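Enquirer: Input coords.json, format and content: JSON, C-alpha atoms.
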[["chain", "number", "residue", "atom", "x", "y", "z"],
["O", 192, "MET", "CA", 0.00, 0.00, 0.00],
["O", 193, "HIS", "CA", 2.86, 2.37, 0.84],
["O", 194, "ALA", "CA", 4.41, 1.83, -2.61],
["O", 195, "LEU", "CA", 1.03, 2.43, -4.28],
["O", 196, "ILE", "CA", 0.45, 5.73, -2.48],
["O", 197, "GLN", "CA", 4.02, 6.80, -3.23],
["O", 198, "ALA", "CA", 3.40, 6.05, -6.92],
["O", 199, "ILE", "CA", 0.17, 8.10, -6.87],
["O", 200, "ILE", "CA", 2.00, 11.09, -5.35],
["O", 201, "LEU", "CA", 4.70, 10.82, -8.00],
["O", 202, "GLY", "CA", 2.10, 10.49, -10.74],
["O", 203, "ILE", "CA", 0.18, 13.59, -9.64],
["O", 204, "LEU", "CA", 3.34, 15.70, -9.50],
["O", 205, "THR", "CA", 4.46, 14.45, -12.92],
["O", 206, "GLY", "CA", 0.97, 14.89, -14.36],
["O", 207, "GLY", "CA", 1.07, 18.58, -13.51],
["O", 208, "VAL", "CA", 4.06, 19.06, -15.81],
["O", 209, "TYR", "CA", 2.36, 17.12, -18.61],
["O", 210, "ALA", "CA", -0.70, 19.32, -18.11],
["O", 211, "LEU", "CA", 1.40, 22.42, -18.73],
["O", 212, "MET", "CA", 2.87, 20.92, -21.92],
["O", 213, "ALA", "CA", -0.51, 19.75, -23.20],
["O", 214, "SER", "CA", -2.30, 23.04, -22.43],
["O", 215, "GLY", "CA", -0.27, 24.77, -25.15],
["O", 216, "GLN", "CA", -1.01, 21.98, -27.59],
["O", 217, "THR", "CA", -4.73, 22.22, -26.80],
["O", 218, "LEU", "CA", -4.77, 26.02, -27.04],
["O", 219, "ILE", "CA", -3.24, 25.91, -30.53],
["O", 220, "PHE", "CA", -5.73, 23.29, -31.69],
["O", 221, "GLY", "CA", -8.65, 25.20, -30.16],
["O", 222, "ILE", "CA", -7.79, 28.42, -31.99],
["O", 223, "MET", "CA", -6.42, 27.15, -35.30],
["O", 224, "LYS", "CA", -7.81, 23.60, -35.54],
["O", 225, "ILE", "CA", -4.34, 22.22, -36.26],
["O", 226, "VAL", "CA", -2.32, 19.58, -34.44],
["O", 227, "ASN", "CA", 1.08, 21.06, -33.59],
["O", 228, "LEU", "CA", 3.58, 18.23, -34.03],
["O", 229, "ALA", "CA", 6.38, 20.62, -33.06],
["O", 230, "GLN", "CA", 5.20, 20.99, -29.46],
["O", 231, "GLY", "CA", 7.49, 18.23, -28.18],
["O", 232, "ALA", "CA", 10.47, 19.73, -30.03],
["O", 233, "LEU", "CA", 9.68, 23.13, -28.49],
["O", 234, "VAL", "CA", 9.76, 21.52, -25.04],
["O", 235, "VAL", "CA", 13.17, 20.01, -25.81],
["O", 236, "LEU", "CA", 14.35, 23.38, -27.15],
["O", 237, "GLY", "CA", 13.25, 24.95, -23.87],
["O", 238, "ALA", "CA", 15.19, 22.29, -21.98],
["O", 239, "TYR", "CA", 18.38, 23.01, -23.98],
["O", 240, "LEU", "CA", 18.02, 26.76, -23.49],
["O", 241, "THR", "CA", 17.69, 26.15, -19.76],
["O", 242, "TYR", "CA", 20.72, 23.86, -19.86],
["O", 243, "THR", "CA", 22.79, 26.55, -21.59],
["O", 244, "LEU", "CA", 21.72, 29.28, -19.17],
["O", 245, "PHE", "CA", 22.52, 26.99, -16.23],
["O", 246, "THR", "CA", 25.90, 25.67, -17.39],
["O", 247, "THR", "CA", 27.16, 28.91, -18.96],
["O", 248, "PHE", "CA", 25.74, 31.60, -16.70],
["O", 249, "GLY", "CA", 24.84, 29.62, -13.58],
["O", 250, "LEU", "CA", 21.20, 30.70, -13.78],
["O", 251, "ASP", "CA", 18.80, 28.57, -11.73],
["O", 252, "PRO", "CA", 16.61, 26.42, -14.03],
["O", 253, "PHE", "CA", 13.38, 27.74, -12.53],
["O", 254, "LEU", "CA", 14.53, 31.35, -12.91],
["O", 255, "SER", "CA", 15.54, 30.68, -16.51],
["O", 256, "ILE", "CA", 11.82, 30.42, -17.33],
["O", 257, "VAL", "CA", 11.71, 34.21, -17.19],
["O", 258, "ILE", "CA", 14.04, 34.24, -20.21],
["O", 259, "THR", "CA", 13.05, 31.11, -22.15],
["O", 260, "THR", "CA", 9.30, 31.75, -22.05],
["O", 261, "PRO", "CA", 9.30, 35.08, -23.94],
["O", 262, "LEU", "CA", 11.95, 33.74, -26.34],
["O", 263, "LEU", "CA", 9.83, 30.77, -27.35],
["O", 264, "PHE", "CA", 6.74, 32.97, -27.45],
["O", 265, "LEU", "CA", 8.47, 34.95, -30.19],
["O", 266, "VAL", "CA", 9.51, 31.73, -31.93],
["O", 267, "GLY", "CA", 5.89, 30.57, -31.89],
["O", 268, "VAL", "CA", 4.62, 33.85, -33.33],
["O", 269, "VAL", "CA", 7.23, 33.75, -36.12],
["O", 270, "VAL", "CA", 6.42, 30.11, -36.98],
["O", 271, "GLN", "CA", 2.73, 30.92, -37.22],
["O", 272, "ARG", "CA", 3.22, 34.08, -39.25],
["O", 273, "VAL", "CA", 5.82, 32.72, -41.67],
["O", 274, "LEU", "CA", 4.95, 29.04, -42.08],
["O", 275, "ILE", "CA", 1.34, 28.40, -41.06],
["O", 276, "ARG", "CA", -0.53, 31.60, -41.87],
["O", 277, "PRO", "CA", 0.17, 31.37, -45.63],
["O", 278, "LEU", "CA", -1.52, 27.94, -45.84],
["O", 279, "ARG", "CA", -4.80, 28.12, -47.74],
["O", 280, "GLY", "CA", -7.49, 25.82, -49.01],
["O", 281, "SER", "CA", -9.41, 22.87, -47.68],
["O", 282, "ASP", "CA", -6.25, 20.91, -46.85],
["O", 283, "VAL", "CA", -4.92, 23.36, -44.25],
["O", 284, "ALA", "CA", -5.18, 20.84, -41.41],
["O", 285, "GLU", "CA", -3.23, 18.20, -43.33],
["O", 286, "LEU", "CA", -0.65, 20.68, -44.60],
["O", 287, "SER", "CA", -0.14, 22.08, -41.11],
["O", 288, "LEU", "CA", 0.78, 18.60, -39.90],
["O", 289, "LEU", "CA", 3.57, 18.49, -42.46],
["O", 290, "VAL", "CA", 4.70, 22.03, -41.65],
["O", 291, "THR", "CA", 4.81, 21.55, -37.89],
["O", 292, "PHE", "CA", 6.56, 18.20, -38.29],
["O", 293, "ALA", "CA", 9.12, 19.93, -40.52],
["O", 294, "VAL", "CA", 9.59, 22.55, -37.78],
["O", 295, "ALA", "CA", 10.19, 19.75, -35.28],
["O", 296, "LEU", "CA", 12.79, 18.18, -37.57],
["O", 297, "ALA", "CA", 14.46, 21.57, -38.09],
["O", 298, "ILE", "CA", 14.68, 22.13, -34.33],
["O", 299, "GLU", "CA", 16.05, 18.60, -33.87],
["O", 300, "GLY", "CA", 18.67, 19.17, -36.56],
["O", 301, "ALA", "CA", 19.76, 22.53, -35.12],
["O", 302, "LEU", "CA", 20.04, 21.09, -31.61],
["O", 303, "SER", "CA", 21.99, 18.07, -32.89],
["O", 304, "PHE", "CA", 24.43, 20.39, -34.64],
["O", 305, "ALA", "CA", 24.84, 22.60, -31.56],
["O", 306, "TYR", "CA", 24.84, 19.99, -28.77],
["O", 307, "GLY", "CA", 25.34, 16.58, -30.36],
["O", 308, "SER", "CA", 23.15, 13.56, -29.70],
["O", 309, "THR", "CA", 24.47, 12.55, -26.26],
["O", 310, "LEU", "CA", 21.89, 12.41, -23.49],
["O", 311, "THR", "CA", 22.20, 15.24, -20.99],
["O", 312, "ASN", "CA", 20.17, 16.83, -18.19],
["O", 313, "VAL", "CA", 20.08, 19.87, -15.96],
["O", 314, "GLN", "CA", 21.47, 19.12, -12.50],
["O", 315, "PRO", "CA", 21.12, 21.92, -9.96],
["O", 316, "ALA", "CA", 22.29, 21.25, -6.38],
["O", 317, "TYR", "CA", 18.76, 20.38, -5.27],
["O", 318, "ALA", "CA", 17.99, 18.04, -8.20],
["O", 319, "ASN", "CA", 17.96, 14.89, -6.07],
["O", 320, "SER", "CA", 16.64, 16.47, -2.86],
["O", 321, "SER", "CA", 13.35, 15.37, -1.34],
["O", 322, "TRP", "CA", 11.15, 15.95, 1.67],
["O", 323, "THR", "CA", 9.67, 13.24, 3.87],
["O", 324, "VAL", "CA", 5.98, 13.90, 4.51],
["O", 325, "LEU", "CA", 4.08, 11.35, 6.63],
["O", 326, "GLY", "CA", 6.59, 8.73, 5.59],
["O", 327, "PHE", "CA", 6.35, 9.47, 1.87],
["O", 328, "GLN", "CA", 9.11, 10.98, -0.27],
["O", 329, "VAL", "CA", 8.26, 14.17, -2.16],
["O", 330, "SER", "CA", 10.84, 15.33, -4.71],
["O", 331, "VAL", "CA", 11.69, 19.01, -4.32],
["O", 332, "VAL", "CA", 11.98, 19.53, -8.08],
["O", 333, "ARG", "CA", 8.72, 17.74, -8.85],
["O", 334, "PHE", "CA", 6.83, 19.60, -6.13],
["O", 335, "VAL", "CA", 8.08, 23.02, -7.19],
["O", 336, "ALA", "CA", 7.42, 22.10, -10.82],
["O", 337, "PHE", "CA", 3.86, 21.04, -9.94],
["O", 338, "VAL", "CA", 3.19, 24.31, -8.11],
["O", 339, "LEU", "CA", 4.72, 26.28, -10.97],
["O", 340, "SER", "CA", 2.52, 24.42, -13.46],
["O", 341, "LEU", "CA", -0.58, 25.26, -11.42],
["O", 342, "VAL", "CA", 0.41, 28.94, -11.32],
["O", 343, "LEU", "CA", 1.05, 29.10, -15.07],
["O", 344, "LEU", "CA", -2.15, 27.20, -15.87],
["O", 345, "ALA", "CA", -4.08, 29.60, -13.61],
["O", 346, "ALA", "CA", -2.48, 32.52, -15.46],
["O", 347, "LEU", "CA", -3.49, 30.98, -18.79],
["O", 348, "TYR", "CA", -7.04, 30.49, -17.50],
["O", 349, "PHE", "CA", -7.16, 34.12, -16.38],
["O", 350, "ILE", "CA", -5.95, 35.30, -19.80],
["O", 351, "LEU", "CA", -8.59, 33.25, -21.59],
["O", 352, "GLN", "CA", -11.49, 34.06, -19.28],
["O", 353, "ARG", "CA", -10.86, 37.58, -17.99],
["O", 354, "THR", "CA", -9.11, 39.55, -20.74],
["O", 355, "LYS", "CA", -10.13, 41.08, -24.05],
["O", 356, "PHE", "CA", -7.69, 38.78, -25.82],
["O", 357, "GLY", "CA", -9.26, 35.79, -24.09],
["O", 358, "ARG", "CA", -12.70, 36.80, -25.27],
["O", 359, "SER", "CA", -11.31, 37.11, -28.79],
["O", 360, "VAL", "CA", -9.81, 33.63, -28.49],
["O", 361, "ARG", "CA", -13.07, 32.09, -27.31],
["O", 362, "ALA", "CA", -15.01, 33.85, -30.05],
["O", 363, "THR", "CA", -12.54, 32.61, -32.67],
["O", 364, "VAL", "CA", -12.76, 29.05, -31.31],
["O", 365, "GLN", "CA", -16.56, 29.02, -31.40],
["O", 366, "ASN", "CA", -17.09, 30.73, -34.78],
["O", 367, "PRO", "CA", -14.13, 32.27, -36.64],
["O", 368, "ALA", "CA", -16.27, 33.89, -39.35],
["O", 369, "SER", "CA", -18.62, 35.56, -36.88],
["O", 370, "ALA", "CA", -15.69, 36.66, -34.74],
["O", 371, "GLU", "CA", -14.12, 38.47, -37.70],
["O", 372, "LEU", "CA", -17.44, 40.16, -38.50],
["O", 373, "LEU", "CA", -17.45, 41.48, -34.92],
["O", 374, "GLY", "CA", -14.01, 43.01, -35.39],
["O", 375, "VAL", "CA", -11.79, 40.23, -34.04],
["O", 376, "ASN", "CA", -8.46, 40.00, -35.84],
["O", 377, "ALA", "CA", -8.35, 36.22, -36.23],
["O", 378, "SER", "CA", -4.86, 36.28, -37.74],
["O", 379, "ARG", "CA", -3.48, 38.18, -34.75],
["O", 380, "VAL", "CA", -5.29, 35.90, -32.31],
["O", 381, "SER", "CA", -3.83, 32.84, -34.05],
["O", 382, "ALA", "CA", -0.29, 34.23, -33.91],
["O", 383, "ILE", "CA", -0.52, 35.11, -30.22],
["O", 384, "GLY", "CA", -2.21, 31.79, -29.45],
["O", 385, "PHE", "CA", 0.57, 29.85, -31.16],
["O", 386, "GLY", "CA", 3.08, 31.98, -29.26],
["O", 387, "LEU", "CA", 1.40, 31.18, -25.96],
["O", 388, "GLY", "CA", 1.47, 27.48, -26.83],
["O", 389, "ALA", "CA", 5.20, 27.71, -27.47],
["O", 390, "ALA", "CA", 5.68, 29.69, -24.25],
["O", 391, "THR", "CA", 4.08, 26.92, -22.18],
["O", 392, "ALA", "CA", 6.45, 24.48, -23.90],
["O", 393, "ALA", "CA", 9.40, 26.64, -22.79],
["O", 394, "ALA", "CA", 8.27, 26.64, -19.17],
["O", 395, "ALA", "CA", 7.65, 22.90, -19.24],
["O", 396, "GLY", "CA", 11.00, 22.34, -20.94],
["O", 397, "SER", "CA", 12.89, 23.92, -18.06],
["O", 398, "VAL", "CA", 11.31, 21.39, -15.72],
["O", 399, "PHE", "CA", 11.59, 18.51, -18.18],
["O", 400, "GLY", "CA", 15.34, 19.01, -18.35],
["O", 401, "MET", "CA", 15.67, 18.52, -14.59],
["O", 402, "LEU", "CA", 13.44, 15.46, -14.43],
["O", 403, "ASN", "CA", 14.66, 13.56, -17.49],
["O", 404, "ALA", "CA", 17.79, 12.91, -19.50],
["O", 405, "PHE", "CA", 17.19, 14.29, -22.99],
["O", 406, "ASN", "CA", 18.74, 14.70, -26.41],
["O", 407, "PRO", "CA", 17.48, 16.35, -29.62],
["O", 408, "GLY", "CA", 15.46, 13.25, -30.53],
["O", 409, "SER", "CA", 13.52, 13.21, -27.25],
["O", 410, "HIS", "CA", 10.64, 15.09, -28.87],
["O", 411, "TYR", "CA", 9.36, 11.92, -30.58],
["O", 412, "ASP", "CA", 8.46, 10.31, -27.28],
["O", 413, "LEU", "CA", 7.16, 13.59, -25.88],
["O", 414, "ILE", "CA", 4.78, 14.36, -28.73],
["O", 415, "SER", "CA", 3.26, 10.87, -28.52],
["O", 416, "ARG", "CA", 2.55, 11.42, -24.83],
["O", 417, "LEU", "CA", 1.14, 14.89, -25.41],
["O", 418, "LEU", "CA", -1.15, 13.65, -28.17],
["O", 419, "THR", "CA", -2.40, 10.96, -25.81],
["O", 420, "VAL", "CA", -3.20, 13.56, -23.15],
["O", 421, "VAL", "CA", -4.86, 15.95, -25.61],
["O", 422, "VAL", "CA", -6.97, 13.22, -27.25],
["O", 423, "LEU", "CA", -7.96, 11.73, -23.90],
["O", 424, "GLY", "CA", -8.99, 15.11, -22.51],
["O", 425, "GLY", "CA", -10.87, 16.12, -25.64],
["O", 426, "LEU", "CA", -9.44, 18.13, -28.52],
["O", 427, "GLY", "CA", -9.78, 21.83, -27.72],
["O", 428, "SER", "CA", -10.50, 21.42, -24.00],
["O", 429, "ILE", "CA", -7.74, 22.78, -21.76],
["O", 430, "GLY", "CA", -9.58, 21.66, -18.63],
["O", 431, "GLY", "CA", -9.94, 18.20, -20.11],
["O", 432, "SER", "CA", -6.24, 18.10, -20.93],
["O", 433, "VAL", "CA", -5.31, 18.99, -17.35],
["O", 434, "ILE", "CA", -7.48, 16.19, -15.97],
["O", 435, "ALA", "CA", -6.20, 13.75, -18.60],
["O", 436, "ALA", "CA", -2.58, 14.66, -17.81],
["O", 437, "LEU", "CA", -3.11, 13.93, -14.12],
["O", 438, "VAL", "CA", -4.88, 10.65, -14.92],
["O", 439, "MET", "CA", -2.10, 9.56, -17.28],
["O", 440, "GLY", "CA", 0.61, 10.63, -14.84],
["O", 441, "VAL", "CA", -0.91, 8.55, -12.06],
["O", 442, "ALA", "CA", -1.66, 5.56, -14.32],
["O", 443, "SER", "CA", 1.86, 5.50, -15.74],
["O", 444, "SER", "CA", 3.43, 5.84, -12.31],
["O", 445, "ILE", "CA", 1.34, 3.02, -10.82],
["O", 446, "VAL", "CA", 2.11, 0.68, -13.72],
["O", 447, "SER", "CA", 5.82, 1.50, -13.42],
["O", 448, "ALA", "CA", 5.80, 0.78, -9.70],
["O", 449, "GLU", "CA", 3.73, -2.40, -9.89],
["O", 450, "ALA", "CA", 5.21, -3.86, -13.10],
["O", 451, "ALA", "CA", 8.25, -2.20, -14.71],
["O", 452, "PRO", "CA", 9.17, 1.30, -15.95],
["O", 453, "ILE", "CA", 9.00, 0.21, -19.58],
["O", 454, "TRP", "CA", 5.35, -0.75, -19.12],
["O", 455, "GLY", "CA", 4.66, 2.62, -17.53],
["O", 456, "ASP", "CA", 5.81, 4.31, -20.73],
["O", 457, "PHE", "CA", 3.73, 1.89, -22.78],
["O", 458, "THR", "CA", 0.62, 2.94, -20.83],
["O", 459, "PHE", "CA", 0.36, 6.13, -22.88],
["O", 460, "PHE", "CA", 0.18, 4.22, -26.16],
["O", 461, "VAL", "CA", -2.38, 1.73, -24.82],
["O", 462, "VAL", "CA", -4.63, 4.53, -23.58],
["O", 463, "LEU", "CA", -4.31, 6.43, -26.87],
["O", 464, "LEU", "CA", -5.32, 3.35, -28.85],
["O", 465, "LEU", "CA", -8.32, 2.65, -26.59],
["O", 466, "VAL", "CA", -9.53, 6.25, -26.71],
["O", 467, "LEU", "CA", -9.27, 6.37, -30.50],
["O", 468, "LEU", "CA", -11.21, 3.11, -30.75],
["O", 469, "LEU", "CA", -13.86, 3.72, -28.09],
["O", 470, "ARG", "CA", -14.29, 7.50, -27.80],
["O", 471, "PRO", "CA", -12.43, 9.49, -30.47],
["O", 472, "ARG", "CA", -13.71, 12.80, -29.09],
["O", 473, "GLY", "CA", -12.06, 12.17, -25.76],
["O", 474, "LEU", "CA", -13.54, 12.12, -22.28],
["O", 475, "PHE", "CA", -14.62, 15.78, -22.32],
["O", 476, "GLY", "CA", -14.56, 16.74, -26.00],
["O", 477, "ALA", "CA", -18.28, 16.42, -26.71],
["O", 478, "ARG", "CA", -19.32, 18.57, -23.76],
["O", 479, "VAL", "CA", -16.77, 21.35, -23.57],
["O", 480, "ARG", "CA", -15.10, 21.69, -26.96],
["O", 481, "GLY", "CA", -15.20, 25.30, -28.04],
["O", 482, "ALA", "CA", -15.21, 26.65, -24.49],
["O", 483, "LEU", "CA", -11.50, 26.18, -23.76]]
Let me see the structure of the file written as structure tokens.

Expert:
Amino acid sequence: MHALIQAIILGILTGGVYALMASGQTLIFGIMKIVNLAQGALVVLGAYLTYTLFTTFGLDPFLSIVITTPLLFLVGVVVQRVLIRPLRGSDVAELSLLVTFAVALAIEGALSFAYGSTLTNVQPAYANSSWTVLGFQVSVVRFVAFVLSLVLLAALYFILQRTKFGRSVRATVQNPASAELLGVNASRVSAIGFGLGAATAAAAGSVFGMLNAFNPGSHYDLISRLLTVVVLGGLGSIGGSVIAALVMGVASSIVSAEAAPIWGDFTFFVVLLLVLLLRPRGLFGARVRGAL
């Protein structure tokens, strides 16, 4: 029982980080109706930027988020403006898959050239520290990362629900044509939305680099996990993605503890297959899609 509860704690803390990654993916799909296959590569890019700031300038990985987040926001805006915005016609969704996958490959190639393919990670002094709470071990990094994810997700919720930009986003999600007739600049909303999605990847990447060894090819595994979370939660539902991320984090952690770590990783693929077969819209897609 002790091992099971410990696995649940670990899964919840890990799920919070996945929720932050997946929220950006969901936001981009909600606004633009495209699946961003570059989201995992953006997370890895954020991890490498954090690694460079830590090893070169001694900047704490959590503090580096202040720098990496606006940088990747700009990267996201440029990608949307230059590569995705020009796409036209009825095949935009399919073409965007190719474009975002090409972006992922370009990021992977650039990182391979700059850093090589050797696995690395970010190791601050507190990387392996933990607290003992009621007999259970709580990783300092995972706990701080979980709290940070909650704060950033709350900020994203506030932006979407309480600001003029958020109202423009929700109007664009529900009916792009009507939103433009009411004066909403859909192109600007899409660019900022893609930038916000990339910014969440930057923040998650800083944490990812402390929790996992990574190399430029790590985005393949990441994007498969993120797609599982997004599909399970319901395409376009940020709230659904958060819940799905926590569910997947706990499920993977329990399977790893009770069976073997390799089976914990395989859990994501099993769940994705079952959801696609049994409920393609996801657990919350039918009820909340369009509301973000």

Enquirer: From the options O:Val375, O:Gly455, O:Leu195, O:Gly388, which residue's atoms come nearest to O:Thr217, counting only C-alpha atoms?

Expert: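 Comparing O:Val375, O:Gly455, O:Leu195, O:Gly388 against O:Thr217, the winner is O:Gly388.
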
Enquirer: Do you have, as a tab-separated table, the list of residues of stretch 195-260 of chain O lying at most 8 Å from stretch 284-301 of chain O, each with its nearest atom pair and that distance in Å to one decimal, counting all atoms listed in the file and ordered by chain then number?

Expert:
residue	atom	partner	partner_atom	distance
O:Lys224	CA	O:Ala284	CA	7.0
O:Ile225	CA	O:Ala284	CA	5.4
O:Val226	CA	O:Leu288	CA	6.4
O:Asn227	CA	O:Thr291	CA	5.7
O:Leu228	CA	O:Phe292	CA	5.2
O:Ala229	CA	O:Ala295	CA	4.5
O:Gln230	CA	O:Ala295	CA	7.8
O:Gly231	CA	O:Ala295	CA	7.7
O:Ala232	CA	O:Ala295	CA	5.3
O:Leu233	CA	O:Ala295	CA	7.6
O:Leu236	CA	O:Ile298	CA	7.3

Enquirer: With only C-alpha atoms as the basis for distance, which of O:Val235, O:Ala370, O:Ala394, O:Val273 is at the shortest distance from O:Ile258?

Expert: O:Ala394

Enquirer: Which residue out of O:Thr354, O:Asn406, O:Ser444, O:Ser378 has the minimum interatomic distance to O:Thr311 when all atoms listed in the file are used?

Expert: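 Residue with the minimum atom-to-atom distance to O:Thr311: O:Asn406.
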
Enquirer: Can you tell me, as a tab-separated table (two decimals) with C-alpha atoms, in the coordinates of the input, what residues are no more than 12 Å from O:Pro452 when counting all atoms listed in the file, ignoring any on the same chain fewer than 5 positions away?

Expert:
chain	number	residue	atom	x	y	z
O	198	ALA	CA	3.40	6.05	-6.92
O	442	ALA	CA	-1.66	5.56	-14.32
O	443	SER	CA	1.86	5.50	-15.74
O	444	SER	CA	3.43	5.84	-12.31
O	445	ILE	CA	1.34	3.02	-10.82
O	446	VAL	CA	2.11	0.68	-13.72
O	447	SER	CA	5.82	1.50	-13.42
O	457	PHE	CA	3.73	1.89	-22.78
O	458	THR	CA	0.62	2.94	-20.83

Enquirer: May I have a table of the residues of stretch 205-233 of chain O lying at most 8 Å from stretch 319-338 of chain O, giving each one's closest pair of atoms and their distance in Å to one decimal, counting all atoms listed in the file, ordered by chain and ascending residue number, as a Markdown table?

Expert:
| residue | atom | partner | partner_atom | distance |
| --- | --- | --- | --- | --- |
| O:Thr205 | CA | O:Arg333 | CA | 6.7 |
| O:Gly207 | CA | O:Phe337 | CA | 5.2 |
| O:Val208 | CA | O:Phe337 | CA | 6.2 |

Enquirer: Interatomic distance between atom CA of O:Val441 and atom CA of O:Gln314?

Expert: 24.8 Å

Enquirer: Hey, what's within 10 Å of O:Gly206 if we count all atoms listed in the file and toss same-chain stuff fewer than 5 positions away? As a PyMOL selection string, please?

Expert: chain O and resi 200-201+211-212+333+337+340+420+433-444

Enquirer: Might you pull out every residue within 8 Å of O:Ile256, with only C-alpha atoms counted and same-chain residues fewer than 4 positions away left off, and present them as a list in words?

Expert: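 Within the cut-off, the hits are Thr241, Pro252, Thr260, Ala393, Ala394 and Ser397 of chain O.
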
Enquirer: Rank nothing, just name the residue among O:Leu240, O:Val466, O:Met192, O:Ala316 nearest to O:Ala392, using all atoms listed in the file.

Expert: O:Leu240

Enquirer: Pick from O:Pro367, O:Gly396, O:Gly424, O:Gly408: nearest to O:Tyr242, with only C-alpha atoms counted?

Expert: O:Gly396

Enquirer: Compile the contact shell of O:Leu387 as a list in words: residues with an atom at most 9 Å away, counting all atoms listed in the file, same-chain residues fewer than 2 positions apart removed.

Expert: Gly215, Leu218, Ile219, Thr260, Leu263, Phe264, Gly267, Val268, Leu347, Ala382, Ile383, Gly384, Phe385, Ala389, Ala390, Thr391 and Ala392 of chain O

Enquirer: Between O:Tyr239, O:Ser308, O:Met223, O:Ala345, which has the minimum distance to O:Gly430 (counting only C-alpha atoms)?

Expert: O:Ala345

Enquirer: Just give me the gap between atom CA of O:Leu417 and atom CA of O:Ala318 in Å, one decimal is fine.

Expert: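 Calculated distance between atom CA of O:Leu417 and atom CA of O:Ala318 is 24.3 Å.
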
Enquirer: In the coordinates of the file, take the point (-4.3, 17.9, -28.4) and a cut-off of 6 Å; then, counting all atoms listed in the file, name each qualifying protein, DNA or RNA residue as a short mmCIF file (atom, residue, chain, number, x, y, z; two decimals) with C-alpha atoms, in the coordinates of the input.

Expert:
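Ended up saving to part-v4.cif:
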data_model
loop_
_atom_site.label_atom_id
_atom_site.label_comp_id
_atom_site.auth_asym_id
_atom_site.auth_seq_id
_atom_site.Cartn_x
_atom_site.Cartn_y
_atom_site.Cartn_z
CA GLN O 216 -1.01 21.98 -27.59
CA THR O 217 -4.73 22.22 -26.80
CA LEU O 418 -1.15 13.65 -28.17
CA VAL O 421 -4.86 15.95 -25.61
CA VAL O 422 -6.97 13.22 -27.25
CA LEU O 426 -9.44 18.13 -28.52
#

Enquirer: What separation in Å, quoted to one decimal, exists between atom CA of O:Leu413 and atom CA of O:Val234?

Expert: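 One can read the atom CA of O:Leu413 to atom CA of O:Val234 distance as 8.4 Å.
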
Enquirer: How big is the axis-aligned box around all listed atoms of stretch 281-285 of chain O once 6 Å goes on each side, and where's its centre, in Å to one decimal, as JSON?

Expert:
{"center_x": -6.3, "center_y": 20.8, "center_z": -44.5, "size_x": 18.2, "size_y": 17.2, "size_z": 18.3}
